[in-house]
Amino acid sequence: MYKISPLKSIVAILGIATLASGTSVSSQNLPETHGKLQTNREISMQTSNLTSEWDKTFQKSDRVNHSKVTFTNRYGITLAADLYVPKNANGKLPAIAISGPFGAVKEQVSGLYAQTMAERGFLTIAFDPSYTGESGGEPRFVASPDINTEDFSAAVDFLSLRDDVDPERIGIIGICGWGGFALNAAANDPRIRATVASTMYDMSRVTARGYFDSIDAEKRYELRKQLNEQRTADARNGTYALAGGVPDTLPDDAPQFVKDYYAYYKTPRGYHKRSLNSNNGWNRTSSLSFMNMPILTYIDEIRSPVLLIHGEKAHSRYFSEDTFKKLKGNNKELMIIPGANHTDLYDRTDIIPFDKLETFFRTSLK
């Protein structure tokens, strides 16, 4: 059995498949700012000079119009997004904001979902969360249960003000770790009229308790000690140590779900130069805030429809199943995809139930 130390297990969680904090990663694919403290001027330049070429991991559709947009969240962070609008669209459209997976960028999974849903008649945006990708925020490569939940509501702000969007028909899709943030946003923001969480992780649960709730209070204490010692080191060094992304070389005894992540993030199938999982990973101390802030506390108060989608063979399936039990009322649905693993719902268009997604949003966003 592949064993991971307590600290490295948290590194694995935040990197979504990182096995060791010391994993070597090819530096030739990393942006120059990776792991450095960036100035406000650098962030401003980054968000005002968005990539113009098509640099997605999926083919461009000739059925939608694509453009780059930015919007600002409640913390003053400028978020970068890809906007997809159905060609020949008229009037005010139903809209969907999409983000995830945890450690990915909009050029990967969320963009594929956004473009596909736009082909089906929805105006969509796929956005980079705060501190990552082409979005602003410093220090770089930080995850936050509060701010990343806010990112979804900021996307709703942006969509609500567009002349081609019906503000009463806005939904969201969160993928992997952003599935949990999407549910948290839906619990907090009644403007979100429908929510889909696909192959979701509850990031606060898995960070505080480990996979399958294997970490107890004593191990959490040791983790807090190590992570706060890392804070001291970061303060002394003036840089932020990174947790490491998916390893360049798989250990012989790597579990199957790590092999699945590798097959997506480290191959032409899903590799992207701005993706944290494809490269050097998150700021290591990001996990501290997740350990004390359970993000799904109030999801039983969601009044709008929720659809949970998960693969039958996904190691993460229990997150959706337990979440489904906590949701109340008759506005919830859990869809298990036969034979699918966690990453199959990233880009396997023959497996992702887009027909179901279309039906769900058309019914919910009337």
# chains A, B, ... in the order shown; residues from 1 in each chain; ligands from 1
$ residues_around --residues "Leu93 in chain A" --least-positions-apart "6" --cutoff "8 Å" --atoms "only C-alpha atoms" --output "PyMOL selection string"
chain A and resi 121-123+164-166+169
$ select_by_dssp --residues "range 164-330 of chain A" --states "strand (DSSP E or B)" --output "PyMOL selection string"
chain A and resi 165-175+194-198+242+283+306-311
$ select_by_dssp --residues "range 176-290 of chain A" --states "alpha helix (DSSP H)" --output "ChimeraX atom specification"
/A:177-188,203-209,217-237,256-265,287-290
$ closest_residue --among "A:Leu276, A:Met291, A:Ala233, A:Ile173" --to "Asp216 in chain A" --atoms "only C-alpha atoms"
A:Met291
$ closest_atom_pairs --of "range 231-328 of chain A" --to "range 138-158 of chain A" --cutoff "10 Å" --atoms "only C-alpha atoms" --output "JSON lines"
{"residue": "A:Thr239", "atom": "CA", "partner": "A:Pro139", "partner_atom": "CA", "distance": 9.0}
{"residue": "A:Tyr240", "atom": "CA", "partner": "A:Pro139", "partner_atom": "CA", "distance": 8.0}
{"residue": "A:Leu242", "atom": "CA", "partner": "A:Phe141", "partner_atom": "CA", "distance": 8.3}
{"residue": "A:Ala243", "atom": "CA", "partner": "A:Phe141", "partner_atom": "CA", "distance": 9.9}
{"residue": "A:Leu276", "atom": "CA", "partner": "A:Phe141", "partner_atom": "CA", "distance": 7.6}
{"residue": "A:Asn280", "atom": "CA", "partner": "A:Phe141", "partner_atom": "CA", "distance": 9.6}
{"residue": "A:Gly281", "atom": "CA", "partner": "A:Phe141", "partner_atom": "CA", "distance": 7.4}
{"residue": "A:Trp282", "atom": "CA", "partner": "A:Phe141", "partner_atom": "CA", "distance": 5.0}
{"residue": "A:Asn283", "atom": "CA", "partner": "A:Phe141", "partner_atom": "CA", "distance": 5.4}
{"residue": "A:Arg284", "atom": "CA", "partner": "A:Val142", "partner_atom": "CA", "distance": 8.4}
{"residue": "A:Thr285", "atom": "CA", "partner": "A:Val142", "partner_atom": "CA", "distance": 8.2}
{"residue": "A:Ser286", "atom": "CA", "partner": "A:Val142", "partner_atom": "CA", "distance": 5.6}
{"residue": "A:Ser287", "atom": "CA", "partner": "A:Ala143", "partner_atom": "CA", "distance": 7.7}
{"residue": "A:Leu288", "atom": "CA", "partner": "A:Ser144", "partner_atom": "CA", "distance": 9.3}
{"residue": "A:Ser289", "atom": "CA", "partner": "A:Ser144", "partner_atom": "CA", "distance": 6.7}
{"residue": "A:Phe290", "atom": "CA", "partner": "A:Pro145", "partner_atom": "CA", "distance": 6.4}
{"residue": "A:Met291", "atom": "CA", "partner": "A:Pro145", "partner_atom": "CA", "distance": 10.0}
{"residue": "A:Asn292", "atom": "CA", "partner": "A:Pro145", "partner_atom": "CA", "distance": 10.0}
{"residue": "A:Met293", "atom": "CA", "partner": "A:Pro145", "partner_atom": "CA", "distance": 7.2}
{"residue": "A:Pro294", "atom": "CA", "partner": "A:Pro145", "partner_atom": "CA", "distance": 8.4}
{"residue": "A:Ile295", "atom": "CA", "partner": "A:Pro145", "partner_atom": "CA", "distance": 6.7}
$ write_last_selection --atoms "N, CA and C atoms" --output "short mmCIF file (atom, residue, chain, number, x, y, z; two decimals), in the first residue's frame"
data_model
loop_
_atom_site.label_atom_id
_atom_site.label_comp_id
_atom_site.auth_asym_id
_atom_site.auth_seq_id
_atom_site.Cartn_x
_atom_site.Cartn_y
_atom_site.Cartn_z
N THR A 239 9.27 34.14 0.46
CA THR A 239 8.61 33.41 -0.63
C THR A 239 7.68 32.37 -0.02
N TYR A 240 6.85 31.78 -0.85
CA TYR A 240 5.90 30.79 -0.37
C TYR A 240 6.25 29.43 -0.97
N LEU A 242 5.81 25.85 -2.33
CA LEU A 242 4.71 25.23 -3.05
C LEU A 242 4.59 23.76 -2.71
N ALA A 243 3.36 23.26 -2.81
CA ALA A 243 3.08 21.89 -2.38
C ALA A 243 3.49 20.85 -3.41
N LEU A 276 -2.07 24.41 -11.91
CA LEU A 276 -1.26 24.08 -10.73
C LEU A 276 -0.99 22.59 -10.66
N ASN A 280 3.66 23.07 -10.52
CA ASN A 280 4.26 23.05 -9.18
C ASN A 280 3.30 23.11 -8.01
N GLY A 281 2.00 23.20 -8.27
CA GLY A 281 1.05 23.08 -7.18
C GLY A 281 0.76 24.36 -6.41
N TRP A 282 0.05 24.17 -5.30
CA TRP A 282 -0.45 25.26 -4.47
C TRP A 282 0.59 25.77 -3.48
N ASN A 283 0.36 26.98 -3.00
CA ASN A 283 1.04 27.47 -1.81
C ASN A 283 0.76 26.46 -0.68
N ARG A 284 1.80 25.93 -0.08
CA ARG A 284 1.66 24.80 0.86
C ARG A 284 0.77 25.12 2.05
N THR A 285 0.81 26.34 2.55
CA THR A 285 0.04 26.68 3.75
C THR A 285 -1.43 26.98 3.44
N SER A 286 -1.86 26.84 2.19
CA SER A 286 -3.27 27.06 1.86
C SER A 286 -4.20 26.18 2.68
N SER A 287 -3.72 25.01 3.05
CA SER A 287 -4.60 24.06 3.73
C SER A 287 -5.02 24.51 5.12
N LEU A 288 -4.31 25.47 5.71
CA LEU A 288 -4.64 25.89 7.07
C LEU A 288 -6.08 26.35 7.22
N SER A 289 -6.55 27.19 6.32
CA SER A 289 -7.90 27.74 6.48
C SER A 289 -8.97 26.66 6.30
N PHE A 290 -8.71 25.65 5.48
CA PHE A 290 -9.69 24.61 5.27
C PHE A 290 -9.87 23.72 6.49
N MET A 291 -8.87 23.64 7.33
CA MET A 291 -8.93 22.73 8.46
C MET A 291 -9.96 23.15 9.50
N ASN A 292 -10.29 24.44 9.53
CA ASN A 292 -11.21 24.94 10.56
C ASN A 292 -12.51 25.51 9.98
N MET A 293 -12.72 25.39 8.68
CA MET A 293 -13.89 26.03 8.06
C MET A 293 -14.66 25.05 7.18
N PRO A 294 -15.54 24.26 7.75
CA PRO A 294 -16.32 23.31 6.97
C PRO A 294 -17.30 24.02 6.03
N ILE A 295 -17.11 23.89 4.72
CA ILE A 295 -17.84 24.71 3.77
C ILE A 295 -19.25 24.23 3.49
#
$ residues_around --residues "Ile96 in chain A" --least-positions-apart "2" --cutoff "8 Å" --atoms "only C-alpha atoms" --output "MDAnalysis selection string"
chainID A and resid 94 98 114 122:125 170:173
$ closest_residue --among "A:Phe71, A:Lys326, A:His66, A:Pro353" --to "Lys87 in chain A" --atoms "only C-alpha atoms"
A:His66
$ closest_residue --among "A:Leu159, A:Met203, A:Leu227, A:Ile309" --to "Gly180 in chain A" --atoms "only C-alpha atoms"
A:Met203
